[in-house]
Amino acid sequence: MEVGSLPVELWRVILAYLPLPDLGRCCQVCRAWRELIFSLDNTRWRQLCLGCPECRHPNWPSQPHLEPPSWREALKQHALATRTWTQNGPELQSSACLLFFRRRKDRRIWHVGPGCEFETLRGALGVVGPYDRVILHPGVYEEQAEVALKVPVELVGLGRLGEVALLVCMDQQCPTARLCNLVFMPPWFSTVVYKTSWGHVQLDNCNFEGAQLQVRGPGTCQARFCSFSQGSSAHFLGVVLSLLDSCDFSGSDTASVTVEGPPVAERNWACKHLAALTRMFPTCVASETKSSAKDLPVGSTGGPHAPPAPPPSAANVKNNEDWRRRTGVDPQCQSTVIGDGWSDGEHSEGDEESRDREETNNAKKQFKLDYKIPWDCHGLSHLLETQPDGSVPLASSPDPPTTTPEPLTLQQELDRDPKAQMLAASTFGCILRRCLLRDGKGGVHLSNYGQARLEENVFRGLNYAVRCIQNSTCNKIHSGLRSGVVVLGNGRGSIRSNQIYNNKEAGIYILFSGNPEVSGNHIFQGQAGGIAVNENGRGMITDNVIRENQWGGVDIRRGSDPVLRNNYICHGYSDGVVVGEKGRGLIEGNHVYCNKGCGVWVMSSSLPQLLGNLIIHNHMYGLAVFCRKDPENIEAREGNWPGQEEMVGDGVSGERRGVDGDGQENFNEERELFAWESDLDSEDGRQSARRSISVALVESNCMSYNGVGLYVKSSEALNVFANLINNNRGPGVAVLQSGQLTRLATNCILENSRGGVSVEKDCRVELRGNGIYENSGHGISFSGNGQMVENDVVGNRYGIQVSGSADVKVIRNRVQPTQGSGIAVHGPVKGVVHDNILFQGHPGNKRSLLHMEPANESCALQNNNILMHNNSFLSVPPWRLENPPPRPQTNSSAGHSSSQHPSRLRISMTTRISATVESGCHSGSKFCSIL
């Protein structure tokens, strides 16, 4: 009969009455009939799939409200999976199907229940033959002793799920078995209801209530559409391969799934079939992930570098309101007011921010640089230049980023990482796919070299979702929702492309030498931190979006040493990155912005390496280095900064005499020198990609539009090299405490609202080769001990002020203020000021460019060059920073000019050679090379 003889709608009504075998036969008639049968997907095929008592909704248990791509395909996959348990035996290529049909012909069906052939399960199992089917009628079947399965058998419950309950303990002693549509409850003598140590068991549509499934290698297991409730669990010991697909785990007292021990070398017959079955399903659900991501509380769209701006979500508005209610501070970074503790120049201590800015603007208008020295061609100027496409680089944009990139899909992660491809292709251990683990203590627990692969699972309401300890490996955890992952005890793993949110503790917790790869995840709205690395944890943490967490986005403490690279850490309600007590780590190329606390908070007892990060628009400090266990720091981090003595604006009185020639402190005796020779380009991509350091290193970062760029209140040494620190609402750099030497070398510090560099008394600071330009207060305000060598301090409201009882050397600097003195010495300052060049900034400035109080007898002024302008040459600017060019001087390749943040910038060879020692060499060396 031709299909066209009747309308298609009528054919569909007729075919809706056909059973499954007849539909299959119709598909074989012709292509037109095949297409017609396929068109019944949402009608007849849906009815057949949902009407099968052995199969639940294809998207059960996590998304039963979503339609599958094809109901016919879902039914086909179910039919193929139900036959896996029967595949035991020799594979004769030409007669494999005949062997299968022979078994089906020889199979017998036995009925168990009241009025049937057998009334007890034990009685039926005593007479069954290989591959027979035992149908259990509705009722409760209890056995007082362990039941052994000695031949392959299929146990099927009749009726709806829940009508057949087994209170038994089964020990499988045969190659294969299948259990379907049954409820397992523990007998009085054991909580283990099913166990096998060498065979294969297939569980379809079964419930476990307060019971345990136990499989030992080389035994294998395949569980589909099963429910583990009331503390039930699955325990795998040395299993080569097992598959848990679309299962529901809830109410666990310990872990829902435990994988213990390495896979045994011996494999049973089912491993080959299970491995083929795992490859039948797509390992990447990019389209589903994108569709489900739209339903998440936070959405982010676009590419990894230039995403379009999404509308503000309700969750963001709610979180902002919560923040405002708790703290009284508006959550928008750009509207934050800096505390009034800072006072530069003639700013009064109690002035409001708006009045401060107005005064600064008026001063700039009044004292315009008639003789402005060009300085824009310094070594970091490319970071501030407009890009070829006309866009403004983030380092010079007054507006914070409005979007975060969309994390890479799993397929994108695999395409760029061959090692991840190998892990994804591996089929060892326990494979957990499309499962829901909820409302219990733990999800998946791996220990003693256990292996697992987790795909498309949902973890919800658990104390922890995944825990890897004792050298265990979790190959893939992706497309999970609301999951918290714990990796500890030398645990490893690859955690990629997950949605991890709303956890009570850290989204990912790495500790006790855990060492996973964490890449391409979206970790957000956690009630604690995003990623916590503690107790000697390690790990490669790359390309993640970490946002809107209540605590730090990434927290590193107690000997932990991870690699944190190319992550977006933003919009947190506390700090972006916290490096706590004894923390280490390579923190490189990250975007840290719009956090309510600090961008990066470092404790002084830690040794991190911060390289090439973009730290912008954070509410408080861009980078804060604090003393350990100092209660005042808590107040400072909350915005209650301690009051400062008012800094005198320009210094208008006094002279200074003398020099402590023999008593100068040797600032180059620190064991950690500049370490320029380390070759970062030779790194191999993992833990070896770092310098061996003994001093915390801050290099090649952009710190812009924060409250304060760099805030130091530390008792340990710190190296700060080649950073761009600009447009911060407080000082660019504030050093309030520095018990050991803080080195600031080859940095560009410009256009900050208060001042360039502020150094308080008793601090030990070295400033060398920096460019300090057009800050609203002092270029450098120095009250500590140290030296200022070869800096360009140009275009600031005031130049260099040295005050208090400082012991300092000011050598070979080039200074031009817009107002006040170029170099002013106040109070009983000790030291020497020599070989500096001071340029006149405005002819109306009546204050001397070089000023020292007359009462000073311990500071020597030697060989300083003061350049005043000749009024007859006003049309030609006579001064340039030519030899050497404007500082800082760094090597920047063409590739850097297009980057949004500096990365691996190096000090130029000229600067390295000219960084001479001012106070002798270490231990009286006769030959000393300082680079």
# chains A, B, ... in the order shown; residues from 1 in each chain; ligands from 1
>>> residues_around(residues="His591 (chain A)", least_positions_apart="6", cutoff="7 Å", atoms="only C-alpha atoms", output="list in words")
Asn567, Tyr568, Ile569, Asn613, Leu614 and Ile615 of chain A
>>> residues_around(residues="Arg729 (chain A)", least_positions_apart="6", cutoff="8 Å", atoms="only C-alpha atoms", output="PyMOL selection string")
chain A and resi 338+705-708+752-754
>>> write_last_selection(atoms="all heavy atoms", output="PDB file, in the first residue's frame")
ATOM      1  N   ILE A 338      36.975  56.238  49.173  1.00  0.00           N
ATOM      2  CA  ILE A 338      38.143  55.813  49.943  1.00  0.00           C
ATOM      3  C   ILE A 338      38.119  56.483  51.305  1.00  0.00           C
ATOM      4  O   ILE A 338      37.754  57.645  51.443  1.00  0.00           O
ATOM      5  CB  ILE A 338      39.426  56.181  49.188  1.00  0.00           C
ATOM      6  CG1 ILE A 338      39.459  55.446  47.856  1.00  0.00           C
ATOM      7  CG2 ILE A 338      40.667  55.839  49.997  1.00  0.00           C
ATOM      8  CD1 ILE A 338      39.474  53.955  47.974  1.00  0.00           C
ATOM      9  N   TYR A 705      42.447  51.416  39.021  1.00  0.00           N
ATOM     10  CA  TYR A 705      41.090  51.770  39.444  1.00  0.00           C
ATOM     11  C   TYR A 705      40.640  51.016  40.686  1.00  0.00           C
ATOM     12  O   TYR A 705      39.473  50.695  40.851  1.00  0.00           O
ATOM     13  CB  TYR A 705      40.092  51.552  38.300  1.00  0.00           C
ATOM     14  CG  TYR A 705      40.356  52.445  37.110  1.00  0.00           C
ATOM     15  CD1 TYR A 705      41.104  51.984  36.031  1.00  0.00           C
ATOM     16  CD2 TYR A 705      39.887  53.748  37.079  1.00  0.00           C
ATOM     17  CE1 TYR A 705      41.375  52.807  34.945  1.00  0.00           C
ATOM     18  CE2 TYR A 705      40.153  54.579  35.995  1.00  0.00           C
ATOM     19  CZ  TYR A 705      40.898  54.103  34.930  1.00  0.00           C
ATOM     20  OH  TYR A 705      41.157  54.929  33.874  1.00  0.00           O
ATOM     21  N   ASN A 706      41.570  50.694  41.565  1.00  0.00           N
ATOM     22  CA  ASN A 706      41.224  50.108  42.857  1.00  0.00           C
ATOM     23  C   ASN A 706      41.183  51.212  43.912  1.00  0.00           C
ATOM     24  O   ASN A 706      41.449  52.384  43.623  1.00  0.00           O
ATOM     25  CB  ASN A 706      42.254  49.045  43.246  1.00  0.00           C
ATOM     26  CG  ASN A 706      42.433  47.996  42.172  1.00  0.00           C
ATOM     27  OD1 ASN A 706      41.581  47.133  41.988  1.00  0.00           O
ATOM     28  ND2 ASN A 706      43.546  48.057  41.444  1.00  0.00           N
ATOM     29  N   GLY A 707      40.857  50.844  45.146  1.00  0.00           N
ATOM     30  CA  GLY A 707      40.940  51.810  46.216  1.00  0.00           C
ATOM     31  C   GLY A 707      42.364  52.291  46.385  1.00  0.00           C
ATOM     32  O   GLY A 707      42.671  53.476  46.287  1.00  0.00           O
ATOM     33  N   VAL A 708      43.285  51.398  46.652  1.00  0.00           N
ATOM     34  CA  VAL A 708      44.721  51.643  46.672  1.00  0.00           C
ATOM     35  C   VAL A 708      45.337  50.601  45.753  1.00  0.00           C
ATOM     36  O   VAL A 708      44.909  49.441  45.740  1.00  0.00           O
ATOM     37  CB  VAL A 708      45.288  51.508  48.108  1.00  0.00           C
ATOM     38  CG1 VAL A 708      46.791  51.671  48.100  1.00  0.00           C
ATOM     39  CG2 VAL A 708      44.646  52.531  49.034  1.00  0.00           C
ATOM     40  N   ASN A 752      47.356  58.401  39.875  1.00  0.00           N
ATOM     41  CA  ASN A 752      46.593  57.983  41.040  1.00  0.00           C
ATOM     42  C   ASN A 752      46.062  59.213  41.765  1.00  0.00           C
ATOM     43  O   ASN A 752      46.691  60.278  41.759  1.00  0.00           O
ATOM     44  CB  ASN A 752      47.473  57.143  41.965  1.00  0.00           C
ATOM     45  CG  ASN A 752      47.898  55.847  41.294  1.00  0.00           C
ATOM     46  OD1 ASN A 752      47.124  54.912  41.171  1.00  0.00           O
ATOM     47  ND2 ASN A 752      49.158  55.797  40.834  1.00  0.00           N
ATOM     48  N   SER A 753      44.910  59.079  42.423  1.00  0.00           N
ATOM     49  CA  SER A 753      44.187  60.238  42.926  1.00  0.00           C
ATOM     50  C   SER A 753      44.839  60.887  44.130  1.00  0.00           C
ATOM     51  O   SER A 753      44.566  62.049  44.419  1.00  0.00           O
ATOM     52  CB  SER A 753      42.749  59.845  43.283  1.00  0.00           C
ATOM     53  OG  SER A 753      42.051  59.447  42.134  1.00  0.00           O
ATOM     54  N   ARG A 754      45.647  60.196  44.905  1.00  0.00           N
ATOM     55  CA  ARG A 754      46.274  60.783  46.091  1.00  0.00           C
ATOM     56  C   ARG A 754      47.763  61.004  45.889  1.00  0.00           C
ATOM     57  O   ARG A 754      48.253  62.100  46.028  1.00  0.00           O
ATOM     58  CB  ARG A 754      46.023  59.893  47.311  1.00  0.00           C
ATOM     59  CG  ARG A 754      44.550  59.788  47.684  1.00  0.00           C
ATOM     60  CD  ARG A 754      43.999  61.136  48.104  1.00  0.00           C
ATOM     61  NE  ARG A 754      42.585  61.071  48.414  1.00  0.00           N
ATOM     62  CZ  ARG A 754      42.086  60.804  49.616  1.00  0.00           C
ATOM     63  NH1 ARG A 754      42.904  60.563  50.628  1.00  0.00           N
ATOM     64  NH2 ARG A 754      40.798  60.774  49.815  1.00  0.00           N
TER      65      ARG A 754
END
>>> residues_around(residues="Asn701 (chain A)", least_positions_apart="6", cutoff="12 Å", atoms="only C-alpha atoms", output="NGL selection string")
:A and (380 or 383 or 395 or 587-592 or 599-600 or 609-616 or 622-623 or 709-710 or 720-726 or 746-749 or 900-905)
>>> atom_distance(atom1="CA of Val518 (chain A)", atom2="CA of Leu564 (chain A)")
9.5 Å
>>> residues_around(residues="Cys271 (chain A)", least_positions_apart="5", cutoff="10 Å", atoms="only C-alpha atoms", output="VMD selection string")
chain A and resid 200 218 to 221 240 to 242 276 to 277 427 to 428
>>> residues_around(residues="region 776-780 of chain A", least_positions_apart="2", cutoff="7 Å", atoms="only C-alpha atoms", output="list in words")
Asp344, Gly345, Thr360, Glu751, Asn752, Ser753, Arg754, Gly755, Gly756, Val757, Ser758, Ile772, Glu774, Phe782, Val793, Asn796, Arg797, Tyr798, Gly799, Ile800 and Gln801 of chain A
>>> closest_residue(among="A:Ala506, A:Ile811, A:Val545, A:Ala223", to="Gly526 (chain A)", atoms="only C-alpha atoms")
A:Ala506
>>> closest_residue(among="A:His869, A:His522, A:Arg492, A:His378", to="Thr890 (chain A)", atoms="only C-alpha atoms")
A:His378
>>> closest_residue(among="A:Ser396, A:Ser513, A:Asn448, A:Ser519", to="Glu413 (chain A)", atoms="only C-alpha atoms")
A:Ser519
>>> select_by_dssp(residues="region 11-211 of chain A", states="strand (DSSP E)", output="VMD selection string")
chain A and resid 109 to 112 132 to 136 139 to 142 147 to 149 153 to 157 164 to 167 170 to 172 176 to 180 183 to 185 192 to 196 200 to 204 207 to 209
>>> closest_residue(among="A:Ala79, A:Ile531, A:Val257, A:Val563", to="Val578 (chain A)", atoms="only C-alpha atoms")
A:Ile531
>>> closest_residue(among="A:Val794, A:Gly261, A:Gly442, A:Ser391", to="Thr473 (chain A)", atoms="only C-alpha atoms")
A:Gly261
>>> residues_around(residues="region 206-211 of chain A", least_positions_apart="2", cutoff="6 Å", atoms="only C-alpha atoms", output="CSV table (one decimal) with N, CA and C atoms, in the first residue's frame")
chain,number,residue,atom,x,y,z
A,180,CYS,N,15.8,-6.6,37.5
A,180,CYS,CA,15.0,-5.5,36.9
A,180,CYS,C,13.7,-5.3,37.7
A,181,ASN,N,13.3,-4.0,37.9
A,181,ASN,CA,12.0,-3.7,38.5
A,181,ASN,C,11.8,-4.3,39.9
A,182,LEU,N,12.9,-4.2,40.7
A,182,LEU,CA,12.9,-4.8,42.1
A,182,LEU,C,13.2,-3.7,43.1
A,183,VAL,N,12.7,-3.9,44.3
A,183,VAL,CA,13.1,-3.1,45.5
A,183,VAL,C,13.9,-4.0,46.4
A,184,PHE,N,15.1,-3.5,46.8
A,184,PHE,CA,16.0,-4.2,47.7
A,184,PHE,C,16.0,-3.5,49.0
A,185,MET,N,15.8,-4.3,50.1
A,185,MET,CA,15.9,-3.9,51.4
A,185,MET,C,16.7,-4.8,52.2
A,186,PRO,N,17.5,-4.3,53.2
A,186,PRO,CA,18.5,-5.2,53.9
A,186,PRO,C,17.8,-6.2,54.8
A,191,THR,N,23.6,-5.4,55.8
A,191,THR,CA,23.2,-4.3,55.0
A,191,THR,C,23.6,-4.5,53.5
A,192,VAL,N,24.4,-5.4,53.2
A,192,VAL,CA,24.8,-5.7,51.8
A,192,VAL,C,23.7,-6.6,51.2
A,204,ASP,N,18.5,-2.8,36.3
A,204,ASP,CA,17.6,-1.9,35.6
A,204,ASP,C,16.4,-1.5,36.4
A,226,CYS,N,18.3,3.4,38.4
A,226,CYS,CA,18.1,2.9,39.8
A,226,CYS,C,18.1,4.0,40.8
A,227,SER,N,17.5,3.7,41.9
A,227,SER,CA,17.4,4.7,43.0
A,227,SER,C,18.0,4.1,44.3
A,228,PHE,N,18.9,4.9,44.9
A,228,PHE,CA,19.6,4.5,46.1
A,228,PHE,C,19.2,5.5,47.2
A,229,SER,N,18.3,5.1,48.1
A,229,SER,CA,17.7,6.1,49.0
A,229,SER,C,17.9,5.6,50.5
A,230,GLN,N,17.6,6.5,51.4
A,230,GLN,CA,17.7,6.1,52.9
A,230,GLN,C,19.0,5.6,53.3
A,231,GLY,N,20.1,6.2,52.8
A,231,GLY,CA,21.4,5.8,53.2
A,231,GLY,C,22.0,4.7,52.4
A,232,SER,N,21.4,4.3,51.3
A,232,SER,CA,21.9,3.3,50.4
A,232,SER,C,23.2,3.8,49.7
>>> closest_residue(among="A:Leu410, A:Ser39, A:Leu750, A:Glu143", to="Glu9 (chain A)", atoms="only C-alpha atoms")
A:Ser39
